[in-house]
file structure.cif (mmCIF, C-alpha atoms)
data_coords
loop_
_atom_site.label_atom_id
_atom_site.label_comp_id
_atom_site.auth_asym_id
_atom_site.auth_seq_id
_atom_site.Cartn_x
_atom_site.Cartn_y
_atom_site.Cartn_z
CA MET V 1 110.25 84.59 151.13
CA ARG V 2 109.55 82.43 154.16
CA MET V 3 108.69 78.78 153.96
CA SER V 4 107.31 76.25 156.41
CA LEU V 5 107.73 72.51 155.96
CA GLN V 6 106.09 70.23 158.46
CA CYS V 7 104.48 66.86 158.97
CA ASP V 8 101.48 66.41 161.24
CA ASN V 9 103.10 63.38 162.83
CA GLY V 10 106.32 65.10 163.84
CA SER V 11 108.62 63.83 161.08
CA ASN V 12 110.22 66.26 158.64
CA LEU V 13 110.67 67.03 154.99
CA LEU V 14 114.37 67.93 155.04
CA GLN V 15 114.95 66.16 151.76
CA ARG V 16 112.33 68.37 150.15
CA LEU V 17 113.84 71.49 151.71
CA PHE V 18 116.73 71.50 149.27
CA ILE V 19 114.32 71.41 146.33
CA PHE V 20 112.37 74.36 147.69
CA LEU V 21 115.50 76.35 148.52
CA GLY V 22 116.49 75.95 144.90
CA LEU V 23 113.05 77.11 143.87
CA LEU V 24 113.29 80.14 146.12
CA GLY V 25 116.57 81.08 144.52
CA ILE V 26 115.05 80.90 141.06
CA LEU V 27 112.09 83.03 142.10
CA SER V 28 114.25 85.62 143.85
CA LEU V 29 116.55 86.04 140.86
CA GLN V 30 113.58 86.58 138.58
CA ALA V 31 111.61 88.84 140.91
CA GLY V 32 109.74 91.72 139.34
CA ASN V 33 107.87 94.78 140.48
CA ALA V 34 104.38 93.75 139.38
CA SER V 35 101.91 91.94 141.61
CA ALA V 36 98.90 89.81 140.85
CA ALA V 37 96.78 92.01 143.07
CA SER V 38 97.64 95.10 141.02
CA PHE V 39 96.60 93.57 137.70
CA ASP V 40 93.12 94.47 136.52
CA THR V 41 91.20 93.79 133.36
CA LEU V 42 88.65 95.84 131.45
CA ALA V 43 86.52 92.72 130.94
CA ARG V 44 83.33 92.40 133.00
CA GLN V 45 84.10 88.73 133.60
CA ALA V 46 87.48 87.05 133.28
CA VAL V 47 89.48 84.01 134.32
CA LEU V 48 93.00 82.88 133.48
CA VAL V 49 94.07 79.31 134.26
CA ASP V 50 97.40 77.52 133.91
CA LEU V 51 96.33 74.18 132.49
CA THR V 52 99.62 72.50 133.42
CA THR V 53 98.92 72.82 137.14
CA GLY V 54 95.30 73.96 137.32
CA ALA V 55 96.36 77.18 139.05
CA VAL V 56 93.90 80.05 138.69
CA LEU V 57 96.06 83.08 137.93
CA LEU V 58 93.27 85.67 137.75
CA GLU V 59 89.55 85.78 138.39
CA LYS V 60 87.05 88.60 137.97
CA ASP V 61 83.40 87.74 138.51
CA ALA V 62 84.34 84.35 137.08
CA HIS V 63 81.39 82.62 138.77
CA THR V 64 78.78 85.18 137.71
CA LYS V 65 76.20 83.94 135.22
CA MET V 66 76.52 85.75 131.89
CA PRO V 67 75.33 85.43 128.29
CA PRO V 68 78.13 83.48 126.59
CA ALA V 69 76.97 84.26 123.04
CA SER V 70 78.83 82.15 120.49
CA MET V 71 81.34 80.91 123.07
CA SER V 72 78.65 78.38 124.03
CA LYS V 73 79.32 76.77 120.64
CA LEU V 74 82.23 75.10 122.41
CA MET V 75 79.62 72.78 123.95
CA THR V 76 78.05 72.13 120.55
CA ALA V 77 81.48 71.14 119.27
CA TYR V 78 82.13 69.02 122.38
CA LEU V 79 79.05 66.87 121.75
CA LEU V 80 79.95 66.48 118.09
CA PHE V 81 83.56 65.52 118.86
CA GLU V 82 82.29 63.00 121.40
CA ARG V 83 80.18 61.30 118.73
CA LEU V 84 83.13 61.28 116.33
CA LYS V 85 85.39 59.78 118.96
CA ASN V 86 83.00 56.95 119.86
CA GLY V 87 82.46 56.17 116.18
CA SER V 88 78.71 56.76 116.03
CA ILE V 89 79.29 59.37 113.31
CA SER V 90 82.13 59.85 110.82
CA ILE V 91 83.83 63.02 109.72
CA ASP V 92 82.99 62.02 106.12
CA ASP V 93 79.28 61.53 106.81
CA THR V 94 76.86 64.06 105.34
CA LEU V 95 73.91 65.66 107.07
CA PRO V 96 70.80 67.18 105.48
CA ILE V 97 70.30 70.93 105.81
CA SER V 98 66.82 71.97 106.85
CA SER V 99 65.13 75.23 106.00
CA ASN V 100 65.27 75.99 109.73
CA ALA V 101 69.06 75.82 109.66
CA ALA V 102 69.50 77.57 106.31
CA ARG V 103 67.44 80.62 107.21
CA LYS V 104 68.91 81.15 110.69
CA GLY V 105 70.24 84.69 111.10
CA GLY V 106 73.42 86.00 112.67
CA SER V 107 76.82 84.59 111.75
CA LYS V 108 76.53 81.95 109.01
CA MET V 109 78.49 79.54 106.85
CA PHE V 110 75.73 80.07 104.22
CA LEU V 111 74.20 76.62 104.08
CA ARG V 112 71.48 76.01 101.50
CA ASP V 113 68.12 74.46 102.19
CA GLY V 114 67.98 70.82 101.05
CA GLU V 115 71.70 70.26 100.44
CA ARG V 116 73.76 67.63 102.24
CA VAL V 117 77.01 68.76 103.86
CA LYS V 118 79.96 66.79 105.20
CA VAL V 119 80.43 66.76 108.96
CA GLU V 120 83.99 67.98 108.45
CA ASP V 121 82.70 71.10 106.68
CA LEU V 122 80.14 71.70 109.42
CA ILE V 123 82.92 71.53 112.03
CA ARG V 124 84.80 74.26 110.21
CA GLY V 125 81.58 76.19 109.80
CA ILE V 126 81.13 76.18 113.58
CA VAL V 127 84.74 76.63 114.67
CA ILE V 128 86.07 79.04 112.04
CA GLN V 129 82.98 80.84 110.76
CA SER V 130 80.87 80.67 113.94
CA GLY V 131 77.96 79.54 111.79
CA ASN V 132 74.61 79.47 113.55
CA ASP V 133 73.28 77.50 110.59
CA ALA V 134 76.02 74.89 111.03
CA CYS V 135 75.20 74.51 114.73
CA ILE V 136 71.52 73.90 114.00
CA ALA V 137 72.41 71.38 111.29
CA ILE V 138 74.53 69.47 113.81
CA ALA V 139 71.86 69.72 116.51
CA GLU V 140 69.17 68.37 114.19
CA GLY V 141 71.47 65.70 112.82
CA LEU V 142 72.52 64.39 116.23
CA ALA V 143 69.37 64.89 118.29
CA GLY V 144 66.50 65.44 115.84
CA SER V 145 65.81 68.99 116.96
CA GLU V 146 67.64 71.93 118.50
CA ALA V 147 65.52 71.67 121.65
CA ALA V 148 66.46 68.01 122.13
CA PHE V 149 70.10 68.89 121.49
CA ALA V 150 69.95 71.60 124.18
CA GLU V 151 68.84 68.91 126.63
CA MET V 152 71.92 66.90 125.65
CA MET V 153 74.07 69.99 126.22
CA ASN V 154 72.67 70.42 129.72
CA ALA V 155 73.15 66.76 130.58
CA LYS V 156 76.76 66.90 129.42
CA ALA V 157 77.36 70.15 131.32
CA LYS V 158 76.23 68.45 134.53
CA GLU V 159 78.35 65.39 133.77
CA ILE V 160 81.60 67.33 133.28
CA GLY V 161 81.09 69.67 136.23
CA LEU V 162 79.84 72.91 134.71
CA GLU V 163 78.08 74.17 137.81
CA ASN V 164 76.47 77.38 136.55
CA SER V 165 75.55 76.78 132.93
CA ASN V 166 72.25 76.27 131.16
CA PHE V 167 71.65 75.90 127.44
CA THR V 168 68.46 76.52 125.50
CA ASN V 169 69.95 76.39 122.01
CA ALA V 170 72.99 75.20 120.07
CA THR V 171 74.18 78.62 118.90
CA GLY V 172 74.33 80.98 121.85
CA TRP V 173 71.36 82.91 120.46
CA PRO V 174 70.18 85.42 123.12
CA ASP V 175 67.85 83.88 125.67
CA PRO V 176 67.58 84.83 129.37
CA ASP V 177 67.72 81.14 130.30
CA HIS V 178 70.87 80.51 128.23
CA TYR V 179 73.88 81.32 130.37
CA MET V 180 77.36 80.23 131.44
CA THR V 181 80.13 81.56 133.66
CA ALA V 182 83.71 82.39 132.74
CA SER V 183 84.83 79.62 135.06
CA ASP V 184 82.58 77.07 133.34
CA LEU V 185 83.83 78.17 129.92
CA ALA V 186 87.41 77.63 131.08
CA LYS V 187 86.50 74.14 132.33
CA LEU V 188 84.81 73.35 129.03
CA ALA V 189 87.82 74.57 127.05
CA GLN V 190 90.07 72.38 129.18
CA ARG V 191 87.90 69.34 128.56
CA LEU V 192 87.91 69.99 124.80
CA LEU V 193 91.69 70.07 124.81
CA GLN V 194 92.09 66.99 126.96
CA ASP V 195 89.28 64.82 125.62
CA PHE V 196 89.59 65.52 121.89
CA PRO V 197 93.20 66.36 120.96
CA ASP V 198 92.66 64.85 117.49
CA TYR V 199 90.08 67.52 116.65
CA TYR V 200 91.57 70.56 118.33
CA HIS V 201 93.53 71.51 115.19
CA PHE V 202 90.35 72.92 113.65
CA TYR V 203 90.53 75.84 116.08
CA SER V 204 93.86 77.05 114.73
CA GLU V 205 92.80 77.15 111.06
CA ARG V 206 92.80 80.73 109.79
CA GLN V 207 90.04 80.62 107.17
CA PHE V 208 87.51 78.41 105.45
CA THR V 209 85.77 78.58 102.08
CA PHE V 210 82.30 77.09 101.65
CA ASN V 211 79.86 77.61 98.80
CA GLN V 212 82.50 79.89 97.25
CA ILE V 213 82.43 82.22 100.27
CA THR V 214 85.67 82.60 102.23
CA GLN V 215 85.56 83.70 105.84
CA LYS V 216 88.46 84.25 108.22
CA ASN V 217 88.65 82.78 111.69
CA ARG V 218 87.10 85.30 114.08
CA ASN V 219 89.62 84.56 116.86
CA PRO V 220 91.78 87.72 117.15
CA ALA V 221 94.50 85.85 119.06
CA LEU V 222 95.56 83.66 116.13
CA GLY V 223 98.72 84.91 114.49
CA VAL V 224 98.98 87.79 116.96
CA ILE V 225 99.52 86.31 120.41
CA GLU V 226 102.52 83.99 120.64
CA GLY V 227 101.44 80.38 121.02
CA ALA V 228 97.70 81.05 120.57
CA ASP V 229 95.94 78.17 118.80
CA GLY V 230 92.20 78.46 119.69
CA MET V 231 89.32 78.76 120.66
CA LYS V 232 86.07 80.80 120.25
CA THR V 233 84.77 84.34 120.14
CA GLY V 234 81.35 85.60 121.15
CA TYR V 235 79.30 88.74 120.78
CA THR V 236 75.75 89.87 121.38
CA GLN V 237 74.50 93.22 122.54
CA ALA V 238 73.81 91.77 125.98
CA SER V 239 77.11 89.92 126.37
CA GLY V 240 79.51 92.41 124.84
CA TYR V 241 82.62 91.11 123.13
CA GLY V 242 84.04 87.89 124.56
CA LEU V 243 86.76 85.37 123.87
CA THR V 244 87.74 81.96 125.14
CA ALA V 245 91.36 81.47 124.11
CA SER V 246 94.21 79.06 124.67
CA ALA V 247 97.94 79.48 124.11
CA GLU V 248 100.99 77.31 124.70
CA ARG V 249 104.59 78.40 125.26
CA ASP V 250 107.51 76.20 126.29
CA GLY V 251 105.26 73.39 127.47
CA ARG V 252 102.94 75.66 129.49
CA ARG V 253 99.35 76.13 128.36
CA LEU V 254 97.05 78.91 129.53
CA ILE V 255 93.28 79.11 129.09
CA MET V 256 91.71 82.56 129.19
CA VAL V 257 88.08 83.66 129.18
CA ILE V 258 87.08 87.32 128.91
CA ASN V 259 83.65 88.77 128.32
CA GLY V 260 81.85 92.10 128.34
CA LEU V 261 84.36 94.15 126.35
CA GLU V 262 83.06 97.20 124.50
CA SER V 263 84.58 96.49 121.07
CA GLY V 264 86.38 93.91 119.01
CA ASN V 265 89.60 95.92 119.29
CA ALA V 266 89.28 96.04 123.08
CA ARG V 267 88.76 92.29 123.13
CA ALA V 268 91.88 91.69 121.03
CA SER V 269 94.14 94.00 123.02
CA GLU V 270 92.86 92.76 126.39
CA ALA V 271 93.39 89.13 125.38
CA GLU V 272 96.97 89.87 124.35
CA ARG V 273 97.68 91.83 127.53
CA LEU V 274 96.23 89.17 129.82
CA ILE V 275 97.86 86.15 128.17
CA ASN V 276 101.27 87.84 128.00
CA TRP V 277 100.94 88.74 131.68
CA GLY V 278 100.07 85.15 132.57
CA PHE V 279 103.15 83.79 130.84
CA GLY V 280 105.43 86.61 131.98
CA PHE V 281 104.47 87.08 135.61
CA PHE V 282 104.06 83.42 136.59
CA GLN V 283 106.36 80.44 136.32
CA THR V 284 105.66 76.73 136.62
CA HIS V 285 108.06 74.45 138.49
CA GLU V 286 108.23 70.70 138.92
CA ILE V 287 108.55 70.16 142.66
CA LEU V 288 108.32 66.39 143.02
CA ARG V 289 108.40 63.48 140.62
CA ALA V 290 106.15 60.46 140.60
CA GLY V 291 107.62 57.62 142.64
CA GLU V 292 110.02 59.90 144.51
CA THR V 293 109.91 59.48 148.32
CA VAL V 294 108.14 62.46 149.87
CA GLU V 295 108.09 61.18 153.44
CA THR V 296 108.16 57.92 155.37
CA ALA V 297 105.19 56.78 157.44
CA GLU V 298 105.69 54.96 160.71
CA LEU V 299 104.27 51.44 160.84
CA TRP V 300 102.88 49.43 163.74
CA LEU V 301 103.41 45.67 163.85
CA GLY V 302 105.00 45.62 160.41
CA GLN V 303 108.00 43.64 159.19
CA LYS V 304 109.53 47.09 158.56
CA ARG V 305 109.18 50.09 160.85
CA THR V 306 108.45 52.58 158.04
CA VAL V 307 107.14 52.70 154.51
CA PRO V 308 108.00 55.38 151.91
CA LEU V 309 105.16 57.64 150.76
CA VAL V 310 105.16 58.64 147.09
CA LEU V 311 103.09 60.52 144.52
CA LYS V 312 101.63 58.74 141.52
CA ASP V 313 102.09 61.80 139.29
CA ASN V 314 104.61 64.59 139.03
CA LEU V 315 103.78 67.62 141.18
CA LYS V 316 104.08 70.98 139.43
CA VAL V 317 103.15 74.36 140.88
CA THR V 318 102.64 77.75 139.27
CA LEU V 319 103.89 80.68 141.33
CA PRO V 320 104.47 84.40 140.79
CA ARG V 321 108.03 85.32 139.83
CA THR V 322 108.12 87.97 142.57
CA GLY V 323 109.53 85.68 145.25
CA LYS V 324 107.00 86.95 147.82
CA ALA V 325 105.04 83.75 148.30
CA ASN V 326 105.03 82.10 151.71
CA LEU V 327 105.19 78.40 150.89
CA LYS V 328 104.02 75.79 153.35
CA VAL V 329 104.24 72.06 152.74
CA THR V 330 102.44 69.61 155.00
CA VAL V 331 102.29 65.83 154.94
CA ARG V 332 99.29 64.38 156.72
CA TYR V 333 98.71 60.79 157.68
CA GLU V 334 97.23 59.00 160.66
CA GLY V 335 100.11 57.15 162.19
CA PRO V 336 101.57 54.88 163.07
CA VAL V 337 99.88 52.94 160.29
CA ARG V 338 98.84 49.43 161.22
CA ALA V 339 100.45 46.74 159.03
CA PRO V 340 99.98 45.18 156.61
CA VAL V 341 100.12 47.93 153.98
CA TYR V 342 100.14 47.30 150.26
CA LYS V 343 101.95 49.01 147.42
CA GLY V 344 99.71 51.70 145.93
CA GLU V 345 97.54 51.97 149.06
CA LYS V 346 96.55 55.55 149.91
CA LEU V 347 98.13 56.45 153.23
CA GLY V 348 98.34 60.23 153.38
CA THR V 349 98.03 63.63 151.75
CA LEU V 350 100.55 66.23 150.64
CA VAL V 351 99.27 69.79 151.06
CA LEU V 352 100.98 72.84 149.57
CA THR V 353 99.74 76.34 150.36
CA ALA V 354 100.98 79.81 149.45
CA PRO V 355 99.40 83.25 149.18
CA GLY V 356 98.04 83.91 145.72
CA ILE V 357 97.53 80.27 144.71
CA ASN V 358 94.83 77.72 145.39
CA THR V 359 95.70 75.07 147.97
CA ILE V 360 97.20 72.04 146.26
CA GLU V 361 96.45 68.61 147.70
CA ARG V 362 97.83 65.35 146.35
CA GLN V 363 97.30 61.84 147.66
CA LEU V 364 100.32 59.92 148.92
CA PHE V 365 100.64 56.18 148.41
CA ALA V 366 102.70 53.37 149.89
CA ALA V 367 105.74 52.75 147.69
CA GLU V 368 105.95 49.08 148.66
CA THR V 369 104.13 46.27 150.43
CA VAL V 370 105.01 45.65 154.08
CA GLU V 371 103.57 42.51 155.61
CA ARG V 372 102.45 42.18 159.20
CA LEU V 373 104.71 40.57 161.78
CA GLY V 374 103.98 37.01 162.80
CA PRO V 375 102.38 36.20 166.18
CA THR V 376 105.72 36.08 168.04
CA GLY V 377 106.94 39.33 166.51
CA ARG V 378 103.69 41.09 167.35
CA VAL V 379 103.94 39.99 171.00
CA ILE V 380 107.55 41.16 171.24
CA GLU V 381 106.85 44.56 169.68
CA THR V 382 103.77 45.09 171.84
CA LEU V 383 105.67 44.22 175.02
CA GLY V 384 108.54 46.47 173.97
CA ALA V 385 106.14 49.34 173.41
CA LEU V 386 104.58 48.82 176.86
CA VAL V 387 107.97 48.73 178.57
CA SER V 388 109.18 51.84 176.80
CA GLY V 389 105.93 53.67 177.47
CA THR V 390 105.10 54.08 173.80
CA GLY V 391 102.33 51.52 173.77
CA ARG V 392 99.42 52.30 171.53
#
call {"tool": "encode", "arguments": {"input": "structure.cif", "output": "structure tokens"}}
result
Amino acid sequence: MRMSLQCDNGSNLLQRLFIFLGLLGILSLQAGNASAASFDTLARQAVLVDLTTGAVLLEKDAHTKMPPASMSKLMTAYLLFERLKNGSISIDDTLPISSNAARKGGSKMFLRDGERVKVEDLIRGIVIQSGNDACIAIAEGLAGSEAAFAEMMNAKAKEIGLENSNFTNATGWPDPDHYMTASDLAKLAQRLLQDFPDYYHFYSERQFTFNQITQKNRNPALGVIEGADGMKTGYTQASGYGLTASAERDGRRLIMVINGLESGNARASEAERLINWGFGFFQTHEILRAGETVETAELWLGQKRTVPLVLKDNLKVTLPRTGKANLKVTVRYEGPVRAPVYKGEKLGTLVLTAPGINTIERQLFAAETVERLGPTGRVIETLGALVSGTGR
């Protein structure tokens, strides 16, 4: 494995070199024979993301519009969880069940026309039983009608950055204008995890009994794939068998979306194969810690000649275990930086590139405040720069 470390302004990252040499040793010792390029999936569309770092480990037609079927119920749940979080509805509230909801076909939690049902039960009806009737009850309860709720779904999709999704209903019922992409589903799953951790536990529950009818969670990953704890299946004739799933092992969390499988068994086996590959073939490493000096930026007319550049958050990267990556780390800043500079001021960018991973960019900030020299000091430094030929 070769590695390049450089700074656009001519300084170096020797201190970081030791960290990366250690990383190279780890990767070399754990090298395998597989390669990301050689891995293929039977799914028509697929994406696998390491949530810890945001690294996309595998993509297959991940940006192609597709019928998401019941996986679009993740957006229905998102809007409900948002209302629970902001307090405009309570988990103990009850909602009326309309005849429209009760008679909806497909997967059901078997709601009855005219009854009132707790929001908590409707959540389980959506998440565990994939109830179309439960989705319509929520849509009507929150927006007045399913059509109005679909407008809310589309507005939220735009707000959270789902670039190729459009919703016409709350259930995923077949409609040529109802579509998502695997990439958008992965983004939505990530937002559910991050925005509503208090409600995510519903996705790991194995079964639910309502109106004396017990149904098992349709997610084939639960109890089979190590660390799997959610999220949602989908199936229509047009979409094939799909699954949005999440699993966590040793502090790493992967999100997987597959769609277009020919059977439920194929979906289950492909999910297991893909998630196990993601955990087994890739490894996540902490490269830099927040507040640790990455580089020093030259200053002009400052009371100090340099200022340390630091990250505000820890930097972790996910790389193949093969040891074949060609890592390149670059620090970019326009220097020398004119004083004064203030602690927390953005001064540069750290860029990490390697084959097989998306380019990682992180902002670099001044670690301390450096005031400008007084009038006499500025004159002296300017004259010194002119004499030495380094005047700017």
call {"tool": "residues_around", "arguments": {"input": "structure.cif", "residues": "region 105-119 of chain V", "least_positions_apart": "6", "cutoff": "12 Å", "atoms": "all atoms listed in the file", "output": "count of residues only"}}
result
55
call {"tool": "atom_distance", "arguments": {"input": "structure.cif", "atom1": "CA of Leu51 (chain V)", "atom2": "CA of Gln363 (chain V)"}}
result
19.6 Å
call {"tool": "residues_near_point", "arguments": {"input": "structure.cif", "point": "(68.7, 71.8, 121.7)", "cutoff": "12 Å", "atoms": "only C-alpha atoms", "output": "JSON, numbers by chain"}}
result
{"V": [73, 75, 76, 79, 135, 136, 137, 138, 139, 140, 141, 142, 143, 144, 145, 146, 147, 148, 149, 150, 151, 152, 153, 154, 155, 166, 167, 168, 169, 170, 171, 172, 173, 178]}
call {"tool": "write_last_selection", "arguments": {"input": "structure.cif", "atoms": "C-alpha atoms", "output": "PDB file, in the frame of the given file"}}
result
ATOM      1  CA  LYS V  73      79.320  76.770 120.640  1.00  0.00           C
ATOM      2  CA  MET V  75      79.620  72.780 123.950  1.00  0.00           C
ATOM      3  CA  THR V  76      78.050  72.130 120.550  1.00  0.00           C
ATOM      4  CA  LEU V  79      79.050  66.870 121.750  1.00  0.00           C
ATOM      5  CA  CYS V 135      75.200  74.510 114.730  1.00  0.00           C
ATOM      6  CA  ILE V 136      71.520  73.900 114.000  1.00  0.00           C
ATOM      7  CA  ALA V 137      72.410  71.380 111.290  1.00  0.00           C
ATOM      8  CA  ILE V 138      74.530  69.470 113.810  1.00  0.00           C
ATOM      9  CA  ALA V 139      71.860  69.720 116.510  1.00  0.00           C
ATOM     10  CA  GLU V 140      69.170  68.370 114.190  1.00  0.00           C
ATOM     11  CA  GLY V 141      71.470  65.700 112.820  1.00  0.00           C
ATOM     12  CA  LEU V 142      72.520  64.390 116.230  1.00  0.00           C
ATOM     13  CA  ALA V 143      69.370  64.890 118.290  1.00  0.00           C
ATOM     14  CA  GLY V 144      66.500  65.440 115.840  1.00  0.00           C
ATOM     15  CA  SER V 145      65.810  68.990 116.960  1.00  0.00           C
ATOM     16  CA  GLU V 146      67.640  71.930 118.500  1.00  0.00           C
ATOM     17  CA  ALA V 147      65.520  71.670 121.650  1.00  0.00           C
ATOM     18  CA  ALA V 148      66.460  68.010 122.130  1.00  0.00           C
ATOM     19  CA  PHE V 149      70.100  68.890 121.490  1.00  0.00           C
ATOM     20  CA  ALA V 150      69.950  71.600 124.180  1.00  0.00           C
ATOM     21  CA  GLU V 151      68.840  68.910 126.630  1.00  0.00           C
ATOM     22  CA  MET V 152      71.920  66.900 125.650  1.00  0.00           C
ATOM     23  CA  MET V 153      74.070  69.990 126.220  1.00  0.00           C
ATOM     24  CA  ASN V 154      72.670  70.420 129.720  1.00  0.00           C
ATOM     25  CA  ALA V 155      73.150  66.760 130.580  1.00  0.00           C
ATOM     26  CA  ASN V 166      72.250  76.270 131.160  1.00  0.00           C
ATOM     27  CA  PHE V 167      71.650  75.900 127.440  1.00  0.00           C
ATOM     28  CA  THR V 168      68.460  76.520 125.500  1.00  0.00           C
ATOM     29  CA  ASN V 169      69.950  76.390 122.010  1.00  0.00           C
ATOM     30  CA  ALA V 170      72.990  75.200 120.070  1.00  0.00           C
ATOM     31  CA  THR V 171      74.180  78.620 118.900  1.00  0.00           C
ATOM     32  CA  GLY V 172      74.330  80.980 121.850  1.00  0.00           C
ATOM     33  CA  TRP V 173      71.360  82.910 120.460  1.00  0.00           C
ATOM     34  CA  HIS V 178      70.870  80.510 128.230  1.00  0.00           C
TER      35      HIS V 178
END
call {"tool": "residues_around", "arguments": {"input": "structure.cif", "residues": "Leu193 (chain V)", "least_positions_apart": "4", "cutoff": "12 Å", "atoms": "all atoms listed in the file", "output": "PDB file with C-alpha atoms, in the frame of the given file"}}
result
ATOM      1  CA  LEU V  51      96.330  74.180 132.490  1.00  0.00           C
ATOM      2  CA  THR V  52      99.620  72.500 133.420  1.00  0.00           C
ATOM      3  CA  LEU V  74      82.230  75.100 122.410  1.00  0.00           C
ATOM      4  CA  ALA V  77      81.480  71.140 119.270  1.00  0.00           C
ATOM      5  CA  TYR V  78      82.130  69.020 122.380  1.00  0.00           C
ATOM      6  CA  PHE V  81      83.560  65.520 118.860  1.00  0.00           C
ATOM      7  CA  ALA V 186      87.410  77.630 131.080  1.00  0.00           C
ATOM      8  CA  LYS V 187      86.500  74.140 132.330  1.00  0.00           C
ATOM      9  CA  LEU V 188      84.810  73.350 129.030  1.00  0.00           C
ATOM     10  CA  ALA V 189      87.820  74.570 127.050  1.00  0.00           C
ATOM     11  CA  PRO V 197      93.200  66.360 120.960  1.00  0.00           C
ATOM     12  CA  ASP V 198      92.660  64.850 117.490  1.00  0.00           C
ATOM     13  CA  TYR V 199      90.080  67.520 116.650  1.00  0.00           C
ATOM     14  CA  TYR V 200      91.570  70.560 118.330  1.00  0.00           C
ATOM     15  CA  HIS V 201      93.530  71.510 115.190  1.00  0.00           C
ATOM     16  CA  PHE V 202      90.350  72.920 113.650  1.00  0.00           C
ATOM     17  CA  TYR V 203      90.530  75.840 116.080  1.00  0.00           C
ATOM     18  CA  ASP V 229      95.940  78.170 118.800  1.00  0.00           C
ATOM     19  CA  GLY V 230      92.200  78.460 119.690  1.00  0.00           C
ATOM     20  CA  MET V 231      89.320  78.760 120.660  1.00  0.00           C
ATOM     21  CA  ALA V 245      91.360  81.470 124.110  1.00  0.00           C
ATOM     22  CA  SER V 246      94.210  79.060 124.670  1.00  0.00           C
ATOM     23  CA  ALA V 247      97.940  79.480 124.110  1.00  0.00           C
ATOM     24  CA  GLU V 248     100.990  77.310 124.700  1.00  0.00           C
ATOM     25  CA  ARG V 253      99.350  76.130 128.360  1.00  0.00           C
ATOM     26  CA  LEU V 254      97.050  78.910 129.530  1.00  0.00           C
ATOM     27  CA  ILE V 255      93.280  79.110 129.090  1.00  0.00           C
TER      28      ILE V 255
END
call {"tool": "atom_distance", "arguments": {"input": "structure.cif", "atom1": "CA of Glu163 (chain V)", "atom2": "CA of Gly260 (chain V)"}}
result
20.6 Å
call {"tool": "resolve_selection", "arguments": {"input": "structure.cif", "expression": "the PyMOL selection byres ((chain V and resi 290-305) around 7)", "output": "PyMOL selection string"}}
result
chain V and resi 13+288-289+306-314+335-340+370-373+378+381
call {"tool": "closest_residue", "arguments": {"input": "structure.cif", "among": "V:Arg191, V:Arg252, V:Arg206, V:Arg332", "to": "Gly280 (chain V)", "atoms": "all atoms listed in the file"}}
result
V:Arg252
